[in-house]
Amino acid sequence: MKNKDARSLNSESQEALRRQVVAALEGGMNQSEAARVYKVSRTAVSNWWGAYHRGGEKALAAGKKGRPPKLSLRPWQCAQVVRTITERCPDQLKLPFYLWTREAVGKLIERRYRVRLSVWTVGRYLKRWGFTPQKPLKRAFEQDPEAVRRWLEEEYPAIRAQAKREGAEIHWGDEMGLRSDHHVGRSYGLKGKTPVIPGTGQRFGCNMISTITNRGTLRFMVFSGEFNAEVFIKFLGRLLKGTRRKIFLIVDRHPSHKARKAGRWLKERKERIEMFFLPGYSPKLNPDEYLNNDVKSNAVGRRRPSTKAELVADVRGYLRSTQRHSEIVKSYFQAPPVRYALI
């Protein structure tokens, strides 16, 4: 005869059946015989007998049937979680996570409100709150938020107003190194087999320094060797030869920019050029960084130069082409972090 499914019984009948089976086992009946007599599975008998030995009579008591009660967050709790995710990182709250994943948010909710939610429920909450999974930007711990605020709200507006009074043009400058083995993008390959890019062990590179304006002007110099005050001064000399207007140059706090030699050179030419410094550890505030990314991705990253001369030629050719298209240079100022520099 087919065994009965104990799950189809109501709670009271399930409890009575469990007690009858356990009583029979205590009376000497073996588990196989009990399963046959009470028309249940051998597995059910074994589970009940084990639960009885672990928890006694309480383990046989009827429990609540159906889905567990729905757990939810109150509106004020939701608001607090949203604020925390927006303003803090998990490791700042001593959570064992680096990023705000569904698991991290669930652990935060459980710790604060003693409400345990599945990752799927947490995901639905995050979607409702307007969060989406994104690749995070990196920001140096040393960056001073107050210094960034002052730059955006006080210092740069003052520079802009001064430039307007003196008829100067604002240049944003930066420098970077380029390597022959840099590559970006994806390569087609057979499914399940990651493509391997062969290359020579001989690596070479070059450097570039550049400035851009929100009017679409690009000035650059490609050079070999390290970047120092002498190289910086050489570039500044070229920069002055290319314009009759006074230049306000905004750069980061690289040691070569702040070197005494560069300072003396600028002081002697203060009627033609002045230099201003961005807040420390804030490259995202510099539009020229987007030119750097463009050059790395499109002048170097997608081609494989075989010699240093070829690398230098690729970089110069790309920069000259960009120089002729002011709309491309202007587009670097459209990124959200640097739109303030459009004015």
# chains A, B, ... in the order shown; residues from 1 in each chain; ligands from 1
$ residues_around --residues "Tyr113 in chain A" --least-positions-apart "3" --cutoff "12 Å" --atoms "only C-alpha atoms" --output "PyMOL selection string"
chain A and resi 71-74+76-78+80-81+105-110+116-117
$ write_last_selection --atoms "N, CA and C atoms" --output "PDB file, in the first residue's frame"
ATOM      1  N   LEU A  71       8.893  39.687   6.311  1.00  0.00           N
ATOM      2  CA  LEU A  71       9.695  40.683   7.012  1.00  0.00           C
ATOM      3  C   LEU A  71       9.861  41.905   6.118  1.00  0.00           C
ATOM      4  N   SER A  72       9.716  43.064   6.671  1.00  0.00           N
ATOM      5  CA  SER A  72       9.844  44.286   5.878  1.00  0.00           C
ATOM      6  C   SER A  72      10.435  45.388   6.737  1.00  0.00           C
ATOM      7  N   LEU A  73      10.898  46.410   6.065  1.00  0.00           N
ATOM      8  CA  LEU A  73      11.484  47.557   6.741  1.00  0.00           C
ATOM      9  C   LEU A  73      10.471  48.696   6.790  1.00  0.00           C
ATOM     10  N   ARG A  74      10.537  49.448   7.858  1.00  0.00           N
ATOM     11  CA  ARG A  74       9.681  50.621   7.967  1.00  0.00           C
ATOM     12  C   ARG A  74      10.282  51.761   7.144  1.00  0.00           C
ATOM     13  N   TRP A  76      11.187  54.776   7.833  1.00  0.00           N
ATOM     14  CA  TRP A  76      12.325  55.477   8.434  1.00  0.00           C
ATOM     15  C   TRP A  76      13.587  54.617   8.396  1.00  0.00           C
ATOM     16  N   GLN A  77      13.401  53.286   8.480  1.00  0.00           N
ATOM     17  CA  GLN A  77      14.550  52.394   8.371  1.00  0.00           C
ATOM     18  C   GLN A  77      15.097  52.406   6.938  1.00  0.00           C
ATOM     19  N   CYS A  78      14.203  52.411   5.957  1.00  0.00           N
ATOM     20  CA  CYS A  78      14.641  52.481   4.563  1.00  0.00           C
ATOM     21  C   CYS A  78      15.448  53.753   4.315  1.00  0.00           C
ATOM     22  N   GLN A  80      17.190  55.503   6.427  1.00  0.00           N
ATOM     23  CA  GLN A  80      18.499  55.416   7.069  1.00  0.00           C
ATOM     24  C   GLN A  80      19.454  54.528   6.272  1.00  0.00           C
ATOM     25  N   VAL A  81      18.956  53.422   5.733  1.00  0.00           N
ATOM     26  CA  VAL A  81      19.807  52.522   4.947  1.00  0.00           C
ATOM     27  C   VAL A  81      20.278  53.221   3.676  1.00  0.00           C
ATOM     28  N   VAL A 105      24.469  44.844   2.106  1.00  0.00           N
ATOM     29  CA  VAL A 105      23.306  45.605   2.543  1.00  0.00           C
ATOM     30  C   VAL A 105      22.443  44.760   3.484  1.00  0.00           C
ATOM     31  N   GLY A 106      22.290  43.461   3.155  1.00  0.00           N
ATOM     32  CA  GLY A 106      21.528  42.576   4.032  1.00  0.00           C
ATOM     33  C   GLY A 106      22.141  42.467   5.410  1.00  0.00           C
ATOM     34  N   LYS A 107      23.477  42.381   5.476  1.00  0.00           N
ATOM     35  CA  LYS A 107      24.160  42.302   6.770  1.00  0.00           C
ATOM     36  C   LYS A 107      23.988  43.605   7.545  1.00  0.00           C
ATOM     37  N   LEU A 108      24.021  44.739   6.855  1.00  0.00           N
ATOM     38  CA  LEU A 108      23.792  46.029   7.513  1.00  0.00           C
ATOM     39  C   LEU A 108      22.404  46.085   8.133  1.00  0.00           C
ATOM     40  N   ILE A 109      21.395  45.645   7.377  1.00  0.00           N
ATOM     41  CA  ILE A 109      20.011  45.654   7.874  1.00  0.00           C
ATOM     42  C   ILE A 109      19.859  44.720   9.071  1.00  0.00           C
ATOM     43  N   GLU A 110      20.461  43.540   8.963  1.00  0.00           N
ATOM     44  CA  GLU A 110      20.358  42.580  10.065  1.00  0.00           C
ATOM     45  C   GLU A 110      21.027  43.115  11.326  1.00  0.00           C
ATOM     46  N   ARG A 116      16.324  39.840   9.143  1.00  0.00           N
ATOM     47  CA  ARG A 116      17.115  39.054   8.206  1.00  0.00           C
ATOM     48  C   ARG A 116      16.332  38.898   6.913  1.00  0.00           C
ATOM     49  N   LEU A 117      16.915  39.415   5.805  1.00  0.00           N
ATOM     50  CA  LEU A 117      16.277  39.374   4.501  1.00  0.00           C
ATOM     51  C   LEU A 117      17.116  38.555   3.531  1.00  0.00           C
TER      52      LEU A 117
END
$ residues_around --residues "Ala163 in chain A" --least-positions-apart "6" --cutoff "10 Å" --atoms "only C-alpha atoms" --output "CSV table (one decimal) with N, CA and C atoms, in the first residue's frame"
chain,number,residue,atom,x,y,z
A,157,PRO,N,35.7,79.7,-9.0
A,157,PRO,CA,35.0,80.9,-9.5
A,157,PRO,C,35.8,82.2,-9.4
A,169,GLU,N,43.2,83.4,-20.8
A,169,GLU,CA,42.5,82.1,-21.1
A,169,GLU,C,43.0,81.1,-20.1
A,170,ILE,N,42.1,80.2,-19.7
A,170,ILE,CA,42.4,79.2,-18.7
A,170,ILE,C,42.8,77.9,-19.4
A,246,LYS,N,47.2,86.4,-22.0
A,246,LYS,CA,47.8,85.9,-20.7
A,246,LYS,C,47.2,84.5,-20.5
A,247,ILE,N,47.9,83.6,-19.8
A,247,ILE,CA,47.5,82.3,-19.5
A,247,ILE,C,47.4,82.1,-18.0
A,248,PHE,N,46.2,81.5,-17.6
A,248,PHE,CA,46.0,81.0,-16.3
A,248,PHE,C,46.1,79.5,-16.4
$ select_by_dssp --residues "range 2-175 of chain A" --states "helix (DSSP H, G or I)" --output "PyMOL selection string"
chain A and resi 6-8+11-26+31-37+42-60+75-87+90-93+102-113+119-128+145-166
$ residues_around --residues "Arg215 in chain A" --least-positions-apart "3" --cutoff "12 Å" --atoms "only C-alpha atoms" --output "list in words"
Glu169, Ile170, His171, Trp172, Thr211, Ile212, Leu218, Gln323, His325, Ser326, Glu327, Ile328, Val329, Lys330, Ser331, Tyr332, Phe333, Ala341, Leu342 and Ile343 of chain A
$ write_last_selection --atoms "C-alpha atoms" --output "PDB file, in the first residue's frame"
ATOM      1  CA  GLU A 169      42.537  82.144 -21.104  1.00  0.00           C
ATOM      2  CA  ILE A 170      42.369  79.222 -18.669  1.00  0.00           C
ATOM      3  CA  HIS A 171      44.460  76.178 -19.540  1.00  0.00           C
ATOM      4  CA  TRP A 172      44.147  72.862 -17.718  1.00  0.00           C
ATOM      5  CA  THR A 211      46.994  71.635 -21.776  1.00  0.00           C
ATOM      6  CA  ILE A 212      43.437  72.096 -23.001  1.00  0.00           C
ATOM      7  CA  LEU A 218      45.014  71.696 -27.283  1.00  0.00           C
ATOM      8  CA  GLN A 323      44.239  69.310 -32.098  1.00  0.00           C
ATOM      9  CA  HIS A 325      39.110  69.007 -34.071  1.00  0.00           C
ATOM     10  CA  SER A 326      38.154  71.494 -31.363  1.00  0.00           C
ATOM     11  CA  GLU A 327      34.812  69.751 -30.797  1.00  0.00           C
ATOM     12  CA  ILE A 328      36.684  66.679 -29.533  1.00  0.00           C
ATOM     13  CA  VAL A 329      38.679  68.783 -27.092  1.00  0.00           C
ATOM     14  CA  LYS A 330      35.496  70.507 -25.917  1.00  0.00           C
ATOM     15  CA  SER A 331      33.904  67.103 -25.297  1.00  0.00           C
ATOM     16  CA  TYR A 332      36.412  66.398 -22.524  1.00  0.00           C
ATOM     17  CA  PHE A 333      34.646  69.087 -20.496  1.00  0.00           C
ATOM     18  CA  ALA A 341      35.089  74.093 -15.933  1.00  0.00           C
ATOM     19  CA  LEU A 342      32.868  74.794 -18.961  1.00  0.00           C
ATOM     20  CA  ILE A 343      32.181  78.320 -17.755  1.00  0.00           C
TER      21      ILE A 343
END
$ residues_around --residues "Glu103 in chain A" --least-positions-apart "5" --cutoff "12 Å" --atoms "only C-alpha atoms" --output "PDB file with N, CA and C atoms, in the first residue's frame"
ATOM      1  N   PRO A  90      31.233  49.986   3.245  1.00  0.00           N
ATOM      2  CA  PRO A  90      31.047  48.914   4.232  1.00  0.00           C
ATOM      3  C   PRO A  90      32.170  48.807   5.255  1.00  0.00           C
ATOM      4  N   LEU A  95      32.005  46.331   8.474  1.00  0.00           N
ATOM      5  CA  LEU A  95      31.382  45.185   7.819  1.00  0.00           C
ATOM      6  C   LEU A  95      32.439  44.482   6.969  1.00  0.00           C
ATOM      7  N   PRO A  96      32.386  43.164   6.861  1.00  0.00           N
ATOM      8  CA  PRO A  96      33.427  42.414   6.136  1.00  0.00           C
ATOM      9  C   PRO A  96      33.236  42.455   4.624  1.00  0.00           C
ATOM     10  N   PHE A  97      33.030  43.641   4.063  1.00  0.00           N
ATOM     11  CA  PHE A  97      32.828  43.785   2.627  1.00  0.00           C
ATOM     12  C   PHE A  97      33.579  45.027   2.159  1.00  0.00           C
ATOM     13  N   TYR A  98      33.950  45.019   0.869  1.00  0.00           N
ATOM     14  CA  TYR A  98      34.630  46.164   0.266  1.00  0.00           C
ATOM     15  C   TYR A  98      33.647  47.032  -0.505  1.00  0.00           C
ATOM     16  N   LEU A 108      24.021  44.739   6.855  1.00  0.00           N
ATOM     17  CA  LEU A 108      23.792  46.029   7.513  1.00  0.00           C
ATOM     18  C   LEU A 108      22.404  46.085   8.133  1.00  0.00           C
ATOM     19  N   ILE A 109      21.395  45.645   7.377  1.00  0.00           N
ATOM     20  CA  ILE A 109      20.011  45.654   7.874  1.00  0.00           C
ATOM     21  C   ILE A 109      19.859  44.720   9.071  1.00  0.00           C
ATOM     22  N   GLU A 110      20.461  43.540   8.963  1.00  0.00           N
ATOM     23  CA  GLU A 110      20.358  42.580  10.065  1.00  0.00           C
ATOM     24  C   GLU A 110      21.027  43.115  11.326  1.00  0.00           C
ATOM     25  N   ARG A 116      16.324  39.840   9.143  1.00  0.00           N
ATOM     26  CA  ARG A 116      17.115  39.054   8.206  1.00  0.00           C
ATOM     27  C   ARG A 116      16.332  38.898   6.913  1.00  0.00           C
ATOM     28  N   LEU A 117      16.915  39.415   5.805  1.00  0.00           N
ATOM     29  CA  LEU A 117      16.277  39.374   4.501  1.00  0.00           C
ATOM     30  C   LEU A 117      17.116  38.555   3.531  1.00  0.00           C
ATOM     31  N   SER A 118      16.463  37.889   2.588  1.00  0.00           N
ATOM     32  CA  SER A 118      17.187  37.156   1.551  1.00  0.00           C
ATOM     33  C   SER A 118      17.839  38.151   0.590  1.00  0.00           C
ATOM     34  N   VAL A 119      18.845  37.689  -0.154  1.00  0.00           N
ATOM     35  CA  VAL A 119      19.507  38.587  -1.112  1.00  0.00           C
ATOM     36  C   VAL A 119      18.528  39.053  -2.179  1.00  0.00           C
ATOM     37  N   TRP A 120      17.531  38.235  -2.488  1.00  0.00           N
ATOM     38  CA  TRP A 120      16.549  38.619  -3.505  1.00  0.00           C
ATOM     39  C   TRP A 120      15.677  39.761  -2.983  1.00  0.00           C
ATOM     40  N   THR A 121      15.285  39.675  -1.717  1.00  0.00           N
ATOM     41  CA  THR A 121      14.489  40.754  -1.133  1.00  0.00           C
ATOM     42  C   THR A 121      15.300  42.034  -1.040  1.00  0.00           C
ATOM     43  N   VAL A 122      16.572  41.902  -0.642  1.00  0.00           N
ATOM     44  CA  VAL A 122      17.441  43.074  -0.583  1.00  0.00           C
ATOM     45  C   VAL A 122      17.580  43.702  -1.975  1.00  0.00           C
ATOM     46  N   GLY A 123      17.720  42.855  -2.999  1.00  0.00           N
ATOM     47  CA  GLY A 123      17.821  43.352  -4.362  1.00  0.00           C
ATOM     48  C   GLY A 123      16.585  44.130  -4.782  1.00  0.00           C
ATOM     49  N   LEU A 126      16.743  47.509  -3.111  1.00  0.00           N
ATOM     50  CA  LEU A 126      17.719  48.383  -3.764  1.00  0.00           C
ATOM     51  C   LEU A 126      17.165  48.952  -5.066  1.00  0.00           C
TER      52      LEU A 126
END
$ closest_residue --among "A:Gly263, A:Arg36, A:Thr101, A:Met176" --to "Thr132 in chain A" --atoms "only C-alpha atoms"
A:Thr101
$ closest_residue --among "A:Val148, A:Gly216, A:Arg128, A:Glu154" --to "Val82 in chain A" --atoms "only C-alpha atoms"
A:Arg128
$ select_by_dssp --residues "range 22-261 of chain A" --states "strand (DSSP E or B)" --output "PyMOL selection string"
chain A and resi 169-179+205-212+218-223+247-251
$ residues_around --residues "range 306-318 of chain A" --least-positions-apart "2" --cutoff "9 Å" --atoms "only C-alpha atoms" --output "list in words"
Leu178, Arg179, Ser180, Thr200, Arg203, Phe204, Gly205, Cys206, Asn207, Met208, Phe220, Met221, Val222, Phe223, Val295, Lys296, Asn298, Ala299, Val300, Arg303, Arg304, Arg320, Ser321, Thr322 and Gln323 of chain A
$ residues_around --residues "range 226-240 of chain A" --least-positions-apart "3" --cutoff "8 Å" --atoms "only C-alpha atoms" --output "short mmCIF file (atom, residue, chain, number, x, y, z; two decimals) with C-alpha atoms, in the first residue's frame"
data_model
loop_
_atom_site.label_atom_id
_atom_site.label_comp_id
_atom_site.auth_asym_id
_atom_site.auth_seq_id
_atom_site.Cartn_x
_atom_site.Cartn_y
_atom_site.Cartn_z
CA ASN A 207 55.90 60.84 -21.88
CA ILE A 209 52.53 66.97 -21.25
CA ARG A 219 48.76 72.21 -26.74
CA PHE A 220 51.14 69.30 -26.15
CA MET A 221 54.73 68.11 -26.07
CA THR A 243 49.38 82.87 -27.78
CA ARG A 244 49.33 86.61 -27.18
CA ILE A 247 47.51 82.26 -19.55
CA SER A 256 57.96 69.65 -10.68
CA HIS A 257 55.07 72.14 -10.78
CA ALA A 259 59.78 73.39 -7.82
CA LYS A 261 63.18 76.75 -10.42
CA ALA A 262 59.73 76.69 -12.01
CA TRP A 265 60.64 81.26 -14.05
CA ARG A 272 51.98 86.64 -19.12
CA ILE A 273 51.30 83.49 -17.12
#
$ closest_residue --among "A:Asn214, A:Leu319, A:Lys164, A:Glu12" --to "Asp294 in chain A" --atoms "only C-alpha atoms"
A:Leu319
$ atom_distance --atom1 "CA of Glu57 in chain A" --atom2 "CA of Leu17 in chain A"
13.1 Å
$ atom_distance --atom1 "CA of Thr213 in chain A" --atom2 "CA of Gly280 in chain A"
21.1 Å
